[in-house]
Amino acid sequence: MEWEQLELNPRIIAAVKKANFRSAKEILRVSGADVQRLTRLSKTDVQHLHSAVAAAVRKSSPVTALQLIQGECPVLEPGHRLSFACPILDGLMRGGLPLRGITELAGESAAGKTQFCLQLCLSVQYPRENGGLNSGAVYICTEDSFPIKRLRQLITQQSRLRPDLPPALIRSRHFTDSIYIEHAADLEALQACVSQRVPVLLKRGLVRLVVVDSVAALFRSEFQADEAIQRSRHLLAFSSTLHRLSHAYGAPVVCVNQVTDVVDGPNPGRCDYGLVGSKVLPALGIAWANQVMVRLMLTRLAGQVKSDSRSSALRKLEVVFAPHLPRASCLCGVWEEGVRGISDNDSELQPQSSS
């Protein structure tokens, strides 16, 4: 940025040039007292200088809390969420997934994590008034091949899962055409995917949802126990890319995570994030947990739940932490049409004890 582009008195510009400040951004890295000492400008001149430089480098105007509450900043979409396509699950999440930031879904194998992700890939394609973002999804597989058969089954059962939607609207969606599948066999391929191919899809408006299934697989397999520092550096680079894309395009990022067994005994270095008494904790430790905005835990429970004479294993979706949500949970099940929450007052969905 050239000094002449700033709306400043030529006297101030001449003083900062004489002090060997090569760019306007350098001013923001120096305290006001030091700028005053180096340039020999008055305190008032330095304040004007800092204000002018800050206004020039700022990409967008600052937003106050009052503006957010009153909905005066539509670019941040304060009230909109990506629906889970289930009123009970949306109620737990206060409307669904936030559009900016990383949401982690952790759980043991066969808990139903991929089922949630597939359901979100369909939900995102509906119009905004129906809880979607009217766009597609990119699904990055790092463990198994993409479950295309299950996706097709969910598509055929959309009218059962979403009885609130007009049948014509469901038929008008070309679901499979708007889900872009990527496979990453190693960390290099994963980083190339999120830094090169995914941004192209987002920029063209083809997708508004990014799913990584799973984030733990490659990071756990490519690093040994004594390589924690290297793993943390790669994790930070990866999460930084995801955060940048999510905030730039208003695209929710969902990362599936594995879990690790909790070894009995005191461990002052372990952070359970409120999962006291749990036998498992999300993988990748505190380095990854600090990059996550919303952490959800999906647990498969003992027993069955029945719906229209159809049974499903009972599951619990729990909010472990989130900046906008209280610690809460709800029961749910996975059926042919998808994942549905279980209401305490719903007579058709009552837990059945397993024999």
# chains A, B, ... in the order shown; residues from 1 in each chain; ligands from 1
call {"tool": "residues_around", "arguments": {"residues": "range 137-140 of chain A", "least_positions_apart": "5", "cutoff": "6 Å", "atoms": "only C-alpha atoms", "output": "list in words"}}
result
Cys121, Ile179, Tyr180, Ile181, Glu182, His183, Val207, Arg208, Leu209, Val210, Val211 and Val212 of chain A
call {"tool": "write_last_selection", "arguments": {"atoms": "all heavy atoms", "output": "short mmCIF file (atom, residue, chain, number, x, y, z; two decimals), in the first residue's frame"}}
result
data_model
loop_
_atom_site.label_atom_id
_atom_site.label_comp_id
_atom_site.auth_asym_id
_atom_site.auth_seq_id
_atom_site.Cartn_x
_atom_site.Cartn_y
_atom_site.Cartn_z
N CYS A 121 -25.38 -33.30 3.68
CA CYS A 121 -25.08 -33.10 2.26
C CYS A 121 -26.35 -32.96 1.43
O CYS A 121 -26.34 -32.30 0.37
CB CYS A 121 -24.25 -34.28 1.72
SG CYS A 121 -22.54 -34.28 2.28
N ILE A 179 -23.01 -33.19 -5.13
CA ILE A 179 -22.11 -33.70 -4.10
C ILE A 179 -20.81 -34.10 -4.76
O ILE A 179 -20.77 -35.02 -5.58
CB ILE A 179 -22.73 -34.89 -3.33
CG1 ILE A 179 -24.03 -34.46 -2.65
CG2 ILE A 179 -21.74 -35.43 -2.29
CD1 ILE A 179 -24.75 -35.59 -1.93
N TYR A 180 -19.75 -33.39 -4.42
CA TYR A 180 -18.44 -33.61 -5.04
C TYR A 180 -17.58 -34.45 -4.09
O TYR A 180 -17.36 -34.06 -2.93
CB TYR A 180 -17.77 -32.27 -5.34
CG TYR A 180 -18.57 -31.43 -6.30
CD1 TYR A 180 -19.63 -30.63 -5.86
CD2 TYR A 180 -18.30 -31.45 -7.66
CE1 TYR A 180 -20.39 -29.88 -6.74
CE2 TYR A 180 -19.06 -30.69 -8.55
CZ TYR A 180 -20.10 -29.91 -8.08
OH TYR A 180 -20.85 -29.17 -8.96
N ILE A 181 -17.13 -35.59 -4.55
CA ILE A 181 -16.43 -36.55 -3.71
C ILE A 181 -14.94 -36.51 -3.98
O ILE A 181 -14.50 -36.57 -5.13
CB ILE A 181 -16.98 -37.98 -3.95
CG1 ILE A 181 -18.49 -38.01 -3.72
CG2 ILE A 181 -16.27 -38.99 -3.06
CD1 ILE A 181 -19.16 -39.26 -4.21
N GLU A 182 -14.18 -36.39 -2.92
CA GLU A 182 -12.72 -36.41 -3.00
C GLU A 182 -12.19 -37.51 -2.09
O GLU A 182 -12.76 -37.77 -1.03
CB GLU A 182 -12.12 -35.06 -2.54
CG GLU A 182 -12.47 -33.89 -3.43
CD GLU A 182 -11.57 -33.81 -4.66
OE1 GLU A 182 -10.59 -34.58 -4.73
OE2 GLU A 182 -11.86 -32.96 -5.52
N HIS A 183 -11.10 -38.16 -2.50
CA HIS A 183 -10.44 -39.16 -1.66
C HIS A 183 -8.99 -38.72 -1.43
O HIS A 183 -8.28 -38.38 -2.38
CB HIS A 183 -10.46 -40.54 -2.32
CG HIS A 183 -11.82 -41.19 -2.29
ND1 HIS A 183 -12.75 -40.98 -3.29
CD2 HIS A 183 -12.39 -42.03 -1.39
CE1 HIS A 183 -13.85 -41.66 -3.01
NE2 HIS A 183 -13.66 -42.31 -1.86
N VAL A 207 -20.57 -25.32 -4.05
CA VAL A 207 -20.74 -25.95 -2.75
C VAL A 207 -20.79 -24.88 -1.66
O VAL A 207 -20.24 -23.79 -1.81
CB VAL A 207 -19.61 -26.96 -2.44
CG1 VAL A 207 -19.54 -28.03 -3.51
CG2 VAL A 207 -18.27 -26.27 -2.29
N ARG A 208 -21.46 -25.22 -0.54
CA ARG A 208 -21.46 -24.38 0.66
C ARG A 208 -21.30 -25.24 1.91
O ARG A 208 -21.55 -24.78 3.03
CB ARG A 208 -22.77 -23.57 0.76
CG ARG A 208 -22.86 -22.36 -0.14
CD ARG A 208 -22.04 -21.18 0.34
NE ARG A 208 -22.42 -20.69 1.66
CZ ARG A 208 -23.42 -19.84 1.88
NH1 ARG A 208 -24.15 -19.39 0.87
NH2 ARG A 208 -23.68 -19.43 3.10
N LEU A 209 -20.88 -26.49 1.73
CA LEU A 209 -20.64 -27.37 2.86
C LEU A 209 -19.41 -28.21 2.57
O LEU A 209 -19.27 -28.77 1.48
CB LEU A 209 -21.84 -28.30 3.11
CG LEU A 209 -21.64 -29.43 4.13
CD1 LEU A 209 -21.45 -28.85 5.54
CD2 LEU A 209 -22.83 -30.39 4.12
N VAL A 210 -18.49 -28.29 3.56
CA VAL A 210 -17.28 -29.09 3.43
C VAL A 210 -17.30 -30.15 4.53
O VAL A 210 -17.45 -29.83 5.71
CB VAL A 210 -16.01 -28.23 3.56
CG1 VAL A 210 -14.76 -29.11 3.45
CG2 VAL A 210 -16.00 -27.13 2.51
N VAL A 211 -17.18 -31.42 4.13
CA VAL A 211 -17.16 -32.54 5.08
C VAL A 211 -15.83 -33.27 4.95
O VAL A 211 -15.42 -33.60 3.84
CB VAL A 211 -18.33 -33.52 4.83
CG1 VAL A 211 -18.24 -34.71 5.78
CG2 VAL A 211 -19.66 -32.81 4.97
N VAL A 212 -15.18 -33.50 6.08
CA VAL A 212 -13.94 -34.30 6.12
C VAL A 212 -14.22 -35.53 6.97
O VAL A 212 -14.47 -35.41 8.17
CB VAL A 212 -12.76 -33.50 6.69
CG1 VAL A 212 -11.49 -34.36 6.67
CG2 VAL A 212 -12.55 -32.21 5.92
#
call {"tool": "residues_around", "arguments": {"residues": "Gly101 in chain A", "least_positions_apart": "4", "cutoff": "10 Å", "atoms": "only C-alpha atoms", "output": "ChimeraX atom specification"}}
result
/A:97,239,242-247,250-254,291-294
call {"tool": "write_last_selection", "arguments": {"atoms": "N, CA, C and O atoms", "output": "PDB file, in the first residue's frame"}}
result
ATOM      1  N   LEU A  97     -26.375 -26.153  12.093  1.00  0.00           N
ATOM      2  CA  LEU A  97     -24.942 -25.853  12.118  1.00  0.00           C
ATOM      3  C   LEU A  97     -24.687 -24.378  11.837  1.00  0.00           C
ATOM      4  O   LEU A  97     -25.274 -23.807  10.917  1.00  0.00           O
ATOM      5  N   SER A 239      -6.176 -26.852   9.826  1.00  0.00           N
ATOM      6  CA  SER A 239      -7.347 -26.170  10.398  1.00  0.00           C
ATOM      7  C   SER A 239      -7.392 -24.710   9.974  1.00  0.00           C
ATOM      8  O   SER A 239      -8.472 -24.147   9.775  1.00  0.00           O
ATOM      9  N   LEU A 242      -9.040 -24.546   6.651  1.00  0.00           N
ATOM     10  CA  LEU A 242     -10.489 -24.763   6.769  1.00  0.00           C
ATOM     11  C   LEU A 242     -11.185 -23.526   7.324  1.00  0.00           C
ATOM     12  O   LEU A 242     -12.256 -23.135   6.842  1.00  0.00           O
ATOM     13  N   HIS A 243     -10.598 -22.909   8.340  1.00  0.00           N
ATOM     14  CA  HIS A 243     -11.197 -21.702   8.918  1.00  0.00           C
ATOM     15  C   HIS A 243     -11.270 -20.580   7.885  1.00  0.00           C
ATOM     16  O   HIS A 243     -12.284 -19.877   7.787  1.00  0.00           O
ATOM     17  N   ARG A 244     -10.208 -20.406   7.139  1.00  0.00           N
ATOM     18  CA  ARG A 244     -10.178 -19.333   6.141  1.00  0.00           C
ATOM     19  C   ARG A 244     -11.270 -19.540   5.091  1.00  0.00           C
ATOM     20  O   ARG A 244     -11.974 -18.587   4.715  1.00  0.00           O
ATOM     21  N   LEU A 245     -11.442 -20.756   4.623  1.00  0.00           N
ATOM     22  CA  LEU A 245     -12.472 -21.045   3.625  1.00  0.00           C
ATOM     23  C   LEU A 245     -13.869 -20.867   4.204  1.00  0.00           C
ATOM     24  O   LEU A 245     -14.760 -20.295   3.560  1.00  0.00           O
ATOM     25  N   SER A 246     -14.075 -21.351   5.421  1.00  0.00           N
ATOM     26  CA  SER A 246     -15.389 -21.256   6.045  1.00  0.00           C
ATOM     27  C   SER A 246     -15.831 -19.812   6.234  1.00  0.00           C
ATOM     28  O   SER A 246     -16.961 -19.441   5.928  1.00  0.00           O
ATOM     29  N   HIS A 247     -14.913 -18.974   6.715  1.00  0.00           N
ATOM     30  CA  HIS A 247     -15.263 -17.577   6.978  1.00  0.00           C
ATOM     31  C   HIS A 247     -15.358 -16.761   5.692  1.00  0.00           C
ATOM     32  O   HIS A 247     -16.163 -15.831   5.604  1.00  0.00           O
ATOM     33  N   GLY A 250     -18.749 -18.398   3.986  1.00  0.00           N
ATOM     34  CA  GLY A 250     -19.917 -18.725   4.790  1.00  0.00           C
ATOM     35  C   GLY A 250     -20.316 -20.173   4.632  1.00  0.00           C
ATOM     36  O   GLY A 250     -21.495 -20.504   4.524  1.00  0.00           O
ATOM     37  N   ALA A 251     -19.329 -21.058   4.638  1.00  0.00           N
ATOM     38  CA  ALA A 251     -19.559 -22.486   4.411  1.00  0.00           C
ATOM     39  C   ALA A 251     -19.262 -23.277   5.681  1.00  0.00           C
ATOM     40  O   ALA A 251     -18.122 -23.239   6.171  1.00  0.00           O
ATOM     41  N   PRO A 252     -20.234 -23.977   6.239  1.00  0.00           N
ATOM     42  CA  PRO A 252     -19.953 -24.823   7.406  1.00  0.00           C
ATOM     43  C   PRO A 252     -18.939 -25.904   7.061  1.00  0.00           C
ATOM     44  O   PRO A 252     -18.959 -26.452   5.957  1.00  0.00           O
ATOM     45  N   VAL A 253     -18.044 -26.196   7.995  1.00  0.00           N
ATOM     46  CA  VAL A 253     -17.076 -27.279   7.843  1.00  0.00           C
ATOM     47  C   VAL A 253     -17.354 -28.314   8.920  1.00  0.00           C
ATOM     48  O   VAL A 253     -17.355 -27.991  10.115  1.00  0.00           O
ATOM     49  N   VAL A 254     -17.595 -29.549   8.509  1.00  0.00           N
ATOM     50  CA  VAL A 254     -17.856 -30.644   9.440  1.00  0.00           C
ATOM     51  C   VAL A 254     -16.704 -31.630   9.360  1.00  0.00           C
ATOM     52  O   VAL A 254     -16.399 -32.151   8.283  1.00  0.00           O
ATOM     53  N   GLN A 291      -8.897 -25.842  17.825  1.00  0.00           N
ATOM     54  CA  GLN A 291      -9.253 -25.341  16.495  1.00  0.00           C
ATOM     55  C   GLN A 291     -10.742 -25.524  16.193  1.00  0.00           C
ATOM     56  O   GLN A 291     -11.231 -25.040  15.178  1.00  0.00           O
ATOM     57  N   VAL A 292     -11.436 -26.234  17.061  1.00  0.00           N
ATOM     58  CA  VAL A 292     -12.836 -26.581  16.836  1.00  0.00           C
ATOM     59  C   VAL A 292     -13.740 -25.563  17.507  1.00  0.00           C
ATOM     60  O   VAL A 292     -13.530 -25.211  18.676  1.00  0.00           O
ATOM     61  N   MET A 293     -14.751 -25.080  16.796  1.00  0.00           N
ATOM     62  CA  MET A 293     -15.695 -24.146  17.387  1.00  0.00           C
ATOM     63  C   MET A 293     -16.830 -24.880  18.098  1.00  0.00           C
ATOM     64  O   MET A 293     -17.250 -24.509  19.185  1.00  0.00           O
ATOM     65  N   VAL A 294     -17.342 -25.933  17.478  1.00  0.00           N
ATOM     66  CA  VAL A 294     -18.428 -26.732  18.054  1.00  0.00           C
ATOM     67  C   VAL A 294     -17.980 -28.187  18.092  1.00  0.00           C
ATOM     68  O   VAL A 294     -17.559 -28.733  17.076  1.00  0.00           O
TER      69      VAL A 294
END
call {"tool": "select_by_dssp", "arguments": {"residues": "range 261-333 of chain A", "states": "strand (DSSP E or B)", "output": "PDB file with N, CA, C and O atoms, in the first residue's frame"}}
result
ATOM      1  N   ASP A 261      -9.439 -44.429  23.754  1.00  0.00           N
ATOM      2  CA  ASP A 261      -9.823 -44.945  25.067  1.00  0.00           C
ATOM      3  C   ASP A 261      -9.154 -44.133  26.166  1.00  0.00           C
ATOM      4  O   ASP A 261      -8.007 -43.694  26.036  1.00  0.00           O
ATOM      5  N   VAL A 280     -14.213 -42.860  26.576  1.00  0.00           N
ATOM      6  CA  VAL A 280     -13.514 -42.451  25.356  1.00  0.00           C
ATOM      7  C   VAL A 280     -13.504 -40.925  25.258  1.00  0.00           C
ATOM      8  O   VAL A 280     -14.390 -40.250  25.798  1.00  0.00           O
ATOM      9  N   LEU A 281     -12.504 -40.392  24.564  1.00  0.00           N
ATOM     10  CA  LEU A 281     -12.400 -38.963  24.309  1.00  0.00           C
ATOM     11  C   LEU A 281     -12.064 -38.752  22.840  1.00  0.00           C
ATOM     12  O   LEU A 281     -11.432 -39.606  22.219  1.00  0.00           O
ATOM     13  N   PRO A 282     -12.476 -37.628  22.252  1.00  0.00           N
ATOM     14  CA  PRO A 282     -12.114 -37.347  20.854  1.00  0.00           C
ATOM     15  C   PRO A 282     -10.608 -37.390  20.651  1.00  0.00           C
ATOM     16  O   PRO A 282      -9.834 -36.974  21.516  1.00  0.00           O
ATOM     17  N   VAL A 294     -17.342 -25.933  17.478  1.00  0.00           N
ATOM     18  CA  VAL A 294     -18.428 -26.732  18.054  1.00  0.00           C
ATOM     19  C   VAL A 294     -17.980 -28.187  18.092  1.00  0.00           C
ATOM     20  O   VAL A 294     -17.559 -28.733  17.076  1.00  0.00           O
ATOM     21  N   ARG A 295     -18.058 -28.775  19.260  1.00  0.00           N
ATOM     22  CA  ARG A 295     -17.737 -30.210  19.392  1.00  0.00           C
ATOM     23  C   ARG A 295     -18.995 -30.973  19.771  1.00  0.00           C
ATOM     24  O   ARG A 295     -19.637 -30.693  20.794  1.00  0.00           O
ATOM     25  N   LEU A 296     -19.344 -31.927  18.922  1.00  0.00           N
ATOM     26  CA  LEU A 296     -20.480 -32.803  19.170  1.00  0.00           C
ATOM     27  C   LEU A 296     -19.972 -34.222  19.388  1.00  0.00           C
ATOM     28  O   LEU A 296     -19.037 -34.662  18.722  1.00  0.00           O
ATOM     29  N   MET A 297     -20.615 -34.934  20.290  1.00  0.00           N
ATOM     30  CA  MET A 297     -20.241 -36.318  20.587  1.00  0.00           C
ATOM     31  C   MET A 297     -21.438 -37.214  20.326  1.00  0.00           C
ATOM     32  O   MET A 297     -22.530 -36.979  20.857  1.00  0.00           O
ATOM     33  N   LEU A 298     -21.232 -38.220  19.487  1.00  0.00           N
ATOM     34  CA  LEU A 298     -22.303 -39.157  19.152  1.00  0.00           C
ATOM     35  C   LEU A 298     -21.967 -40.506  19.779  1.00  0.00           C
ATOM     36  O   LEU A 298     -20.897 -41.073  19.525  1.00  0.00           O
ATOM     37  N   THR A 299     -22.894 -41.016  20.580  1.00  0.00           N
ATOM     38  CA  THR A 299     -22.660 -42.249  21.327  1.00  0.00           C
ATOM     39  C   THR A 299     -23.767 -43.253  21.033  1.00  0.00           C
ATOM     40  O   THR A 299     -24.951 -42.890  21.029  1.00  0.00           O
ATOM     41  N   ARG A 300     -23.367 -44.478  20.789  1.00  0.00           N
ATOM     42  CA  ARG A 300     -24.341 -45.555  20.593  1.00  0.00           C
ATOM     43  C   ARG A 300     -24.635 -46.189  21.946  1.00  0.00           C
ATOM     44  O   ARG A 300     -23.728 -46.672  22.630  1.00  0.00           O
ATOM     45  N   LEU A 301     -25.919 -46.207  22.317  1.00  0.00           N
ATOM     46  CA  LEU A 301     -26.328 -46.700  23.621  1.00  0.00           C
ATOM     47  C   LEU A 301     -26.873 -48.117  23.523  1.00  0.00           C
ATOM     48  O   LEU A 301     -27.179 -48.619  22.443  1.00  0.00           O
ATOM     49  N   ALA A 302     -27.005 -48.750  24.688  1.00  0.00           N
ATOM     50  CA  ALA A 302     -27.634 -50.072  24.735  1.00  0.00           C
ATOM     51  C   ALA A 302     -29.134 -49.914  24.540  1.00  0.00           C
ATOM     52  O   ALA A 302     -29.735 -48.931  24.980  1.00  0.00           O
ATOM     53  N   GLY A 303     -29.750 -50.856  23.864  1.00  0.00           N
ATOM     54  CA  GLY A 303     -31.185 -50.805  23.655  1.00  0.00           C
ATOM     55  C   GLY A 303     -31.563 -50.405  22.246  1.00  0.00           C
ATOM     56  O   GLY A 303     -30.715 -50.035  21.435  1.00  0.00           O
ATOM     57  N   GLN A 304     -32.849 -50.503  21.961  1.00  0.00           N
ATOM     58  CA  GLN A 304     -33.401 -50.200  20.650  1.00  0.00           C
ATOM     59  C   GLN A 304     -34.502 -49.159  20.789  1.00  0.00           C
ATOM     60  O   GLN A 304     -35.067 -48.974  21.866  1.00  0.00           O
ATOM     61  N   VAL A 305     -34.782 -48.483  19.710  1.00  0.00           N
ATOM     62  CA  VAL A 305     -35.883 -47.542  19.674  1.00  0.00           C
ATOM     63  C   VAL A 305     -36.746 -47.892  18.477  1.00  0.00           C
ATOM     64  O   VAL A 305     -36.237 -48.315  17.427  1.00  0.00           O
ATOM     65  N   LYS A 306     -38.073 -47.754  18.630  1.00  0.00           N
ATOM     66  CA  LYS A 306     -38.997 -48.182  17.589  1.00  0.00           C
ATOM     67  C   LYS A 306     -39.726 -46.999  16.981  1.00  0.00           C
ATOM     68  O   LYS A 306     -40.134 -46.069  17.669  1.00  0.00           O
ATOM     69  N   SER A 307     -39.902 -47.079  15.657  1.00  0.00           N
ATOM     70  CA  SER A 307     -40.671 -46.070  14.935  1.00  0.00           C
ATOM     71  C   SER A 307     -41.431 -46.772  13.818  1.00  0.00           C
ATOM     72  O   SER A 307     -40.816 -47.336  12.905  1.00  0.00           O
ATOM     73  N   ARG A 310     -40.459 -50.179  13.070  1.00  0.00           N
ATOM     74  CA  ARG A 310     -39.073 -50.326  12.622  1.00  0.00           C
ATOM     75  C   ARG A 310     -38.148 -49.969  13.778  1.00  0.00           C
ATOM     76  O   ARG A 310     -38.374 -48.993  14.480  1.00  0.00           O
ATOM     77  N   SER A 311     -37.111 -50.763  13.958  1.00  0.00           N
ATOM     78  CA  SER A 311     -36.214 -50.577  15.089  1.00  0.00           C
ATOM     79  C   SER A 311     -34.895 -49.949  14.653  1.00  0.00           C
ATOM     80  O   SER A 311     -34.453 -50.105  13.514  1.00  0.00           O
ATOM     81  N   SER A 312     -34.290 -49.257  15.591  1.00  0.00           N
ATOM     82  CA  SER A 312     -32.970 -48.678  15.375  1.00  0.00           C
ATOM     83  C   SER A 312     -32.216 -48.719  16.686  1.00  0.00           C
ATOM     84  O   SER A 312     -32.813 -48.646  17.770  1.00  0.00           O
ATOM     85  N   ALA A 313     -30.907 -48.840  16.601  1.00  0.00           N
ATOM     86  CA  ALA A 313     -30.096 -48.739  17.803  1.00  0.00           C
ATOM     87  C   ALA A 313     -30.223 -47.324  18.379  1.00  0.00           C
ATOM     88  O   ALA A 313     -30.269 -46.347  17.645  1.00  0.00           O
ATOM     89  N   LEU A 314     -30.291 -47.232  19.677  1.00  0.00           N
ATOM     90  CA  LEU A 314     -30.455 -45.951  20.345  1.00  0.00           C
ATOM     91  C   LEU A 314     -29.124 -45.209  20.385  1.00  0.00           C
ATOM     92  O   LEU A 314     -28.074 -45.783  20.674  1.00  0.00           O
ATOM     93  N   ARG A 315     -29.160 -43.915  20.097  1.00  0.00           N
ATOM     94  CA  ARG A 315     -27.967 -43.086  20.086  1.00  0.00           C
ATOM     95  C   ARG A 315     -28.214 -41.788  20.841  1.00  0.00           C
ATOM     96  O   ARG A 315     -29.359 -41.359  21.002  1.00  0.00           O
ATOM     97  N   LYS A 316     -27.119 -41.173  21.270  1.00  0.00           N
ATOM     98  CA  LYS A 316     -27.208 -39.884  21.967  1.00  0.00           C
ATOM     99  C   LYS A 316     -26.276 -38.890  21.296  1.00  0.00           C
ATOM    100  O   LYS A 316     -25.081 -39.167  21.123  1.00  0.00           O
ATOM    101  N   LEU A 317     -26.811 -37.742  20.906  1.00  0.00           N
ATOM    102  CA  LEU A 317     -26.011 -36.641  20.358  1.00  0.00           C
ATOM    103  C   LEU A 317     -25.853 -35.598  21.449  1.00  0.00           C
ATOM    104  O   LEU A 317     -26.837 -35.082  21.973  1.00  0.00           O
ATOM    105  N   GLU A 318     -24.612 -35.278  21.773  1.00  0.00           N
ATOM    106  CA  GLU A 318     -24.315 -34.392  22.896  1.00  0.00           C
ATOM    107  C   GLU A 318     -23.489 -33.197  22.436  1.00  0.00           C
ATOM    108  O   GLU A 318     -22.527 -33.346  21.680  1.00  0.00           O
ATOM    109  N   VAL A 319     -23.877 -32.008  22.895  1.00  0.00           N
ATOM    110  CA  VAL A 319     -23.076 -30.807  22.683  1.00  0.00           C
ATOM    111  C   VAL A 319     -22.042 -30.752  23.795  1.00  0.00           C
ATOM    112  O   VAL A 319     -22.377 -30.534  24.952  1.00  0.00           O
ATOM    113  N   VAL A 320     -20.776 -30.972  23.434  1.00  0.00           N
ATOM    114  CA  VAL A 320     -19.700 -30.937  24.425  1.00  0.00           C
ATOM    115  C   VAL A 320     -19.301 -29.503  24.717  1.00  0.00           C
ATOM    116  O   VAL A 320     -19.194 -29.092  25.871  1.00  0.00           O
ATOM    117  N   PHE A 321     -19.073 -28.726  23.671  1.00  0.00           N
ATOM    118  CA  PHE A 321     -18.852 -27.295  23.856  1.00  0.00           C
ATOM    119  C   PHE A 321     -19.182 -26.555  22.564  1.00  0.00           C
ATOM    120  O   PHE A 321     -19.078 -27.096  21.465  1.00  0.00           O
ATOM    121  N   ALA A 328     -25.840 -29.780  26.408  1.00  0.00           N
ATOM    122  CA  ALA A 328     -27.134 -30.460  26.309  1.00  0.00           C
ATOM    123  C   ALA A 328     -26.995 -31.678  25.402  1.00  0.00           C
ATOM    124  O   ALA A 328     -25.966 -31.881  24.750  1.00  0.00           O
ATOM    125  N   SER A 329     -28.038 -32.500  25.368  1.00  0.00           N
ATOM    126  CA  SER A 329     -28.011 -33.701  24.529  1.00  0.00           C
ATOM    127  C   SER A 329     -29.428 -34.111  24.178  1.00  0.00           C
ATOM    128  O   SER A 329     -30.402 -33.632  24.777  1.00  0.00           O
ATOM    129  N   CYS A 330     -29.545 -34.981  23.189  1.00  0.00           N
ATOM    130  CA  CYS A 330     -30.842 -35.552  22.838  1.00  0.00           C
ATOM    131  C   CYS A 330     -30.619 -36.967  22.304  1.00  0.00           C
ATOM    132  O   CYS A 330     -29.529 -37.303  21.829  1.00  0.00           O
ATOM    133  N   LEU A 331     -31.665 -37.788  22.386  1.00  0.00           N
ATOM    134  CA  LEU A 331     -31.604 -39.142  21.851  1.00  0.00           C
ATOM    135  C   LEU A 331     -31.992 -39.115  20.378  1.00  0.00           C
ATOM    136  O   LEU A 331     -32.754 -38.259  19.931  1.00  0.00           O
ATOM    137  N   CYS A 332     -31.457 -40.058  19.632  1.00  0.00           N
ATOM    138  CA  CYS A 332     -31.784 -40.130  18.213  1.00  0.00           C
ATOM    139  C   CYS A 332     -31.604 -41.553  17.718  1.00  0.00           C
ATOM    140  O   CYS A 332     -31.081 -42.423  18.426  1.00  0.00           O
ATOM    141  N   GLY A 333     -32.075 -41.802  16.506  1.00  0.00           N
ATOM    142  CA  GLY A 333     -31.947 -43.109  15.878  1.00  0.00           C
ATOM    143  C   GLY A 333     -31.702 -42.952  14.393  1.00  0.00           C
ATOM    144  O   GLY A 333     -31.947 -41.892  13.817  1.00  0.00           O
TER     145      GLY A 333
END
call {"tool": "residues_around", "arguments": {"residues": "Arg173 in chain A", "least_positions_apart": "2", "cutoff": "8 Å", "atoms": "only C-alpha atoms", "output": "list of chain:residue names"}}
result
A:Gln125, A:Tyr126, A:Leu169, A:Ile170, A:Arg171, A:Phe175
call {"tool": "atom_distance", "arguments": {"atom1": "CA of Leu151 in chain A", "atom2": "CA of Leu206 in chain A"}}
result
18.9 Å
call {"tool": "select_by_dssp", "arguments": {"residues": "range 78-278 of chain A", "states": "alpha helix (DSSP H)", "output": "VMD selection string"}}
result
chain A and resid 87 to 92 113 to 123 148 to 156 158 to 161 167 to 172 187 to 192 198 to 203 216 to 221 228 to 249
call {"tool": "closest_residue", "arguments": {"among": "A:Arg231, A:Arg160, A:His80, A:His324", "to": "Ala216 in chain A", "atoms": "only C-alpha atoms"}}
result
A:Arg231
call {"tool": "residues_around", "arguments": {"residues": "Arg128 in chain A", "least_positions_apart": "5", "cutoff": "12 Å", "atoms": "only C-alpha atoms", "output": "VMD selection string"}}
result
chain A and resid 77 79 to 83 123 133 to 135 208
call {"tool": "residues_around", "arguments": {"residues": "Cys255 in chain A", "least_positions_apart": "5", "cutoff": "7 Å", "atoms": "only C-alpha atoms", "output": "count of residues only"}}
result
8
call {"tool": "atom_distance", "arguments": {"atom1": "CA of Gln224 in chain A", "atom2": "CA of Ala189 in chain A"}}
result
19.3 Å
call {"tool": "atom_distance", "arguments": {"atom1": "CA of Gly136 in chain A", "atom2": "CA of Leu190 in chain A"}}
result
19.8 Å
call {"tool": "closest_residue", "arguments": {"among": "A:Gln119, A:Pro163, A:Thr114, A:Asp45", "to": "Pro147 in chain A", "atoms": "only C-alpha atoms"}}
result
A:Thr114
call {"tool": "residues_around", "arguments": {"residues": "range 9-15 of chain A", "least_positions_apart": "4", "cutoff": "9 Å", "atoms": "only C-alpha atoms", "output": "PyMOL selection string"}}
result
chain A and resi 3-4+19-20+38-41+45-46+49
call {"tool": "closest_residue", "arguments": {"among": "A:Leu28, A:Leu92, A:Val124, A:Ala55", "to": "Ser343 in chain A", "atoms": "only C-alpha atoms"}}
result
A:Leu92
